[in-house]
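All remarks here apply to the structure that follows.
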Number of protein chains: 2
Amino acid sequence: MNKELDFSNTNISEYLSAAHRFADEARTIAEHFTGSDFSVSTKADKSLITEADIEIERTLRQRISEIFPEHGIIGEEFSAANPDSPYQWILDPIDGTEEFARGLPTFGCIISLEFKSAPIVGLIDHPALNMRLAASLNSGTYCNQKRIFLSDDTLPAEHLRLGISKRNNFTRFGDESVLFDAIVQTYPNLRVFDSCFAYSCAANGGIDVMVDYNVRLWDISACRLLCEEAGGAFNWVKQDRTPKGFTIYSAVFGKKEPVKEIVGRFFPSKLDTAIY
Amino acid sequence: MNKELDFSNTNISEYLSAAHRFADEARTIAEHFTGSDFSVSTKADKSLITEADIEIERTLRQRISEIFPEHGIIGEEFSAANPDSPYQWILDPIDGTEEFARGLPTFGCIISLEFKSAPIVGLIDHPALNMRLAASLNSGTYCNQKRIFLSDDTLPAEHLRLGISKRNNFTRFGDESVLFDAIVQTYPNLRVFDSCFAYSCAANGGIDVMVDYNVRLWDISACRLLCEEAGGAFNWVKQDRTPKGFTIYSAVFGKKEPVKEIVGRFFPSKLDTAIY
């Protein structure tokens, strides 16, 4: 797993600690807004944004630029910083903004660090669930303070716990709803959370496998390492460019066996890798 | 709303207080098991049961029979007590046992009290979310200490937040999967939680409407009052008897407008009431 990358383990653990501190700060801001009235706006792509999204991303960008001034930052709400740096922090200040705006606890903050497009730190924090998953390269995945491992077991299709993006993710850029319907017909024990709570469930075995469809890099970046370091699998299955020029990604991840089965059955022309 | 029923408001508030105390006790037991190893078994109907389910229901039955010895009790895990009493406590000690067994926080304990089949107290408690919804007849619905109200607004079908039972609920007793597919195709912004978390979301506006399909009385009993007392609507749409003689129910509930729309579109022969 990326053993030739030219950085020391010392740095990775420093980056992981920094990611935890960033998540602490994000959590404080999210908690400040939770339960209070805050403004919610609709963005050009029809998705929601709240004051909390903006305040968290602005704060994390400020911290990253203080501590790692040469690192790049890619985030949902502002334009990229230092795009040529080999180190890129990838931020989704509030993933599941629709859930957050409705008072549901399944939203989360996603923070990852990639080195030359290889994830070296991945973190998803759920303030309202007091639940944080964090992984660093070659050092395992933790849920709060406990190391977690994905088992190798699998279940018959009828009982397999499938997580999947909501159906309108499959009709966002061209109609691929037939694919959603076919997957759900094959695996009827489905869950649809529409937030990074699904990623956390895929990494901690709460679901067996997740089919994530047509999402942005800041959605999916952290869960790759979270699944792989827990002993699971992560497979890119599609990369596309939207009419407006955004790159969108699709991937299947979770326990090794169901990932292999779903990729084999529905995505025979899977990608070996994705290109940012 | 059932104004002719022959009980005083004093009693209802006593019953509501009792339901809260029962839920406190259930929560303590659930928390005791959370994070520890506990045994999980598969029941004859293929659903799961844990030690926690049994211990909670046994404890609540004991309390109810001490405090209200003449009241009836209908629960998921044991046979009915005092079936001829006009007062019936209806219990699901852990709804979402599959979620609980996998360590997901969306499970809950459901407690309701009906008088001559009219719900007078409804409560759903989510220990791991520190979230409790409770309603009593003519006295409103509360989430923790805050009274909650469902708004009258609605959204276009593409954006409407639909909660729905997982697809294999629609194939449990005869294949009605075409119905699942049609609803999901019409309302693609779906969520599937597969636990009473969906009911809590329907009652507090986290989702706009819930289509609950082929479930037992202890699943659905409390959410009727929770939705109605929050200003929303609850419509039975189907009542069936399984080959083994169990009665199963289907209902649509949540905000008034989307309930009306979905019932009109998919359940033209809806039921006026359900018969226990």
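Labeling convention for the structure tokens: chains A, B, ... as they appear, residues from 1 per chain, ligands from 1 in order of appearance.
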Compute the chain A side of the contact with chain B at 9 Å, counting only C-alpha atoms, and hand it back as a PDB file with C-alpha atoms, in the first residue's frame.
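As written to disk, selection.pdb reads:
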ATOM      1  CA  GLU A  99     -30.054  16.261   7.420  1.00  0.00           C
ATOM      2  CA  ALA A 101     -30.831  21.556   8.454  1.00  0.00           C
ATOM      3  CA  ARG A 102     -33.698  19.239   9.476  1.00  0.00           C
ATOM      4  CA  GLY A 103     -32.195  18.448  12.867  1.00  0.00           C
ATOM      5  CA  LEU A 104     -31.193  14.855  12.113  1.00  0.00           C
ATOM      6  CA  PRO A 105     -28.061  13.609  13.877  1.00  0.00           C
ATOM      7  CA  ALA A 128     -24.523  14.704  17.271  1.00  0.00           C
ATOM      8  CA  LEU A 129     -23.688  11.003  17.578  1.00  0.00           C
ATOM      9  CA  GLU A 158     -31.692 -11.076   0.458  1.00  0.00           C
ATOM     10  CA  HIS A 159     -30.160 -10.279   3.840  1.00  0.00           C
ATOM     11  CA  LYS A 166     -30.565   7.965  -2.816  1.00  0.00           C
ATOM     12  CA  ARG A 167     -32.178   7.354  -6.197  1.00  0.00           C
ATOM     13  CA  ASN A 168     -31.794  10.902  -7.457  1.00  0.00           C
ATOM     14  CA  ASN A 169     -28.008  10.577  -7.287  1.00  0.00           C
ATOM     15  CA  SER A 177     -31.938   4.967 -12.514  1.00  0.00           C
ATOM     16  CA  ASP A 181     -33.403  -0.220  -9.402  1.00  0.00           C
ATOM     17  CA  VAL A 184     -31.983  -2.540  -4.943  1.00  0.00           C
ATOM     18  CA  GLN A 185     -33.934  -5.406  -6.484  1.00  0.00           C
ATOM     19  CA  TYR A 187     -30.211  -6.474  -2.399  1.00  0.00           C
ATOM     20  CA  PRO A 188     -33.592  -5.529  -0.854  1.00  0.00           C
ATOM     21  CA  ASN A 189     -32.264  -5.161   2.721  1.00  0.00           C
ATOM     22  CA  LEU A 190     -31.171  -1.642   1.855  1.00  0.00           C
ATOM     23  CA  ARG A 191     -30.437   1.454   3.900  1.00  0.00           C
ATOM     24  CA  VAL A 192     -30.381   5.002   2.533  1.00  0.00           C
ATOM     25  CA  PHE A 193     -28.910   7.544   4.927  1.00  0.00           C
ATOM     26  CA  ASP A 194     -27.834  10.221   2.410  1.00  0.00           C
ATOM     27  CA  CYS A 201     -21.406   2.340   8.747  1.00  0.00           C
ATOM     28  CA  ASN A 204     -17.454  -0.102  11.072  1.00  0.00           C
ATOM     29  CA  GLY A 205     -19.578  -3.003   9.761  1.00  0.00           C
ATOM     30  CA  GLY A 206     -22.939  -1.364  10.492  1.00  0.00           C
ATOM     31  CA  ILE A 207     -23.741  -2.128   6.866  1.00  0.00           C
TER      32      ILE A 207
END
To test your reading of the structure, identify every residue in segment 58-139 of chain B that backbone DSSP assigns to helix (DSSP H, G or I), and report it as a list in words.
Arg58, Thr59, Leu60, Arg61, Gln62, Arg63, Ile64, Ser65, Glu66, Ile67, Thr97, Glu98, Glu99, Phe100, Ala101, Pro127, Ala128 and Leu129 of chain B
For segment 226-242 of chain B, list every protein, DNA or RNA residue within 8 Å, evaluated using only C-alpha atoms, and leave out those in the same chain fewer than 5 positions away; present the list as a PyMOL selection string.
chain B and resi 122-123+133-141+148-151+173+202-204+247-256+259+263+267+269-274
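Distances from B:Asn144, B:Asn11, B:Ser117, B:Ser112 to Asp219 of chain B were compared using only C-alpha atoms, and the smallest one belongs to B:Ser112.
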Name the residues of segment 109-243 of chain B that fall into strand (DSSP E or B) according to DSSP on the backbone, using the chain letters and numbers of this document, as a ChimeraX atom specification.
/B:109-115,118-126,131-136,141-143,146-148,162-164,172,174,190-192,209-215,233-241
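Among the candidate residues B:Thr42, B:Ser65, B:Thr154, B:Thr50, the one lying nearest to Gln88 of chain B is B:Ser65, with distances computed using only C-alpha atoms.
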Quick one: pull the distance between atom CA of Ile120 of chain A and atom CA of Ala80 of chain A, Å, one decimal.
19.2 Å
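For the pair atom CA of Ser36 of chain B and atom CA of Ile111 of chain B, the separation is 24.7 Å.
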Selection near Gly75 of chain A, 12 Å with only C-alpha atoms, sequence-local residues under 6 positions removed, as a ChimeraX atom specification
/A:53-54,56-61,64,81,83,88-95,109-113,216-219,221
Saved selection, atoms kept: C-alpha atoms, as a short mmCIF file (atom, residue, chain, number, x, y, z; two decimals), in the first residue's frame:
data_model
loop_
_atom_site.label_atom_id
_atom_site.label_comp_id
_atom_site.auth_asym_id
_atom_site.auth_seq_id
_atom_site.Cartn_x
_atom_site.Cartn_y
_atom_site.Cartn_z
CA ASP A 53 -20.97 24.88 6.63
CA ILE A 54 -19.30 28.18 5.82
CA ILE A 56 -16.53 25.43 9.71
CA GLU A 57 -14.78 25.40 6.36
CA ARG A 58 -13.44 28.94 6.83
CA THR A 59 -12.08 28.02 10.27
CA LEU A 60 -10.45 24.78 9.10
CA ARG A 61 -8.85 26.52 6.12
CA ILE A 64 -4.49 24.42 7.96
CA ALA A 81 -5.64 26.67 -2.25
CA PRO A 83 -3.41 23.24 -5.94
CA GLN A 88 -3.95 18.11 -0.25
CA TRP A 89 -6.40 18.48 2.62
CA ILE A 90 -9.89 17.63 1.43
CA LEU A 91 -12.78 19.06 3.45
CA ASP A 92 -16.51 18.67 3.62
CA PRO A 93 -17.43 20.85 6.59
CA ILE A 94 -20.95 19.40 6.90
CA ASP A 95 -21.78 16.36 4.83
CA CYS A 109 -17.62 16.57 9.06
CA ILE A 110 -15.20 14.90 6.63
CA ILE A 111 -11.48 15.61 6.66
CA SER A 112 -8.84 13.78 4.68
CA LEU A 113 -5.25 14.32 3.67
CA ARG A 216 -17.72 14.86 -5.19
CA LEU A 217 -14.18 14.19 -4.04
CA TRP A 218 -14.74 15.71 -0.57
CA ASP A 219 -17.61 13.30 0.01
CA SER A 221 -12.09 10.84 -0.01
#
I'd like the contact shell of Leu179 of chain A - 8 Å cut-off, only C-alpha atoms, skipping same-chain residues fewer than 3 positions apart - returned as a VMD selection string.
chain A and resid 170 176 182 to 183 266
Taking C-alpha atoms for each residue, export the selection above as a tab-separated table (two decimals), in the first residue's frame.
chain	number	residue	atom	x	y	z
A	170	PHE	CA	-28.48	8.14	-10.19
A	176	GLU	CA	-28.92	5.79	-14.64
A	182	ALA	CA	-31.39	-3.30	-10.37
A	183	ILE	CA	-29.09	-3.07	-7.34
A	266	PHE	CA	-22.87	-4.39	-11.75
Considering only C-alpha atoms, can you say which of A:Ala44, A:Arg147, A:Glu114, A:Phe107 comes closest to Ile74 of chain A?
A:Glu114
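Here the question is which of B:Ile220, B:Tyr142, B:Gln62, B:Arg172 gets nearest to Leu16 of chain B using only C-alpha atoms, and that residue is B:Tyr142.
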In Å, rounded to a single decimal, give me how far atom CA of Ile124 of chain B is from atom CA of Ala157 of chain B.
28.3 Å
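Considering only C-alpha atoms, the residue among A:Ala118, A:Val209, A:Cys223, A:Val178 positioned nearest to Leu160 of chain A is A:Val209.
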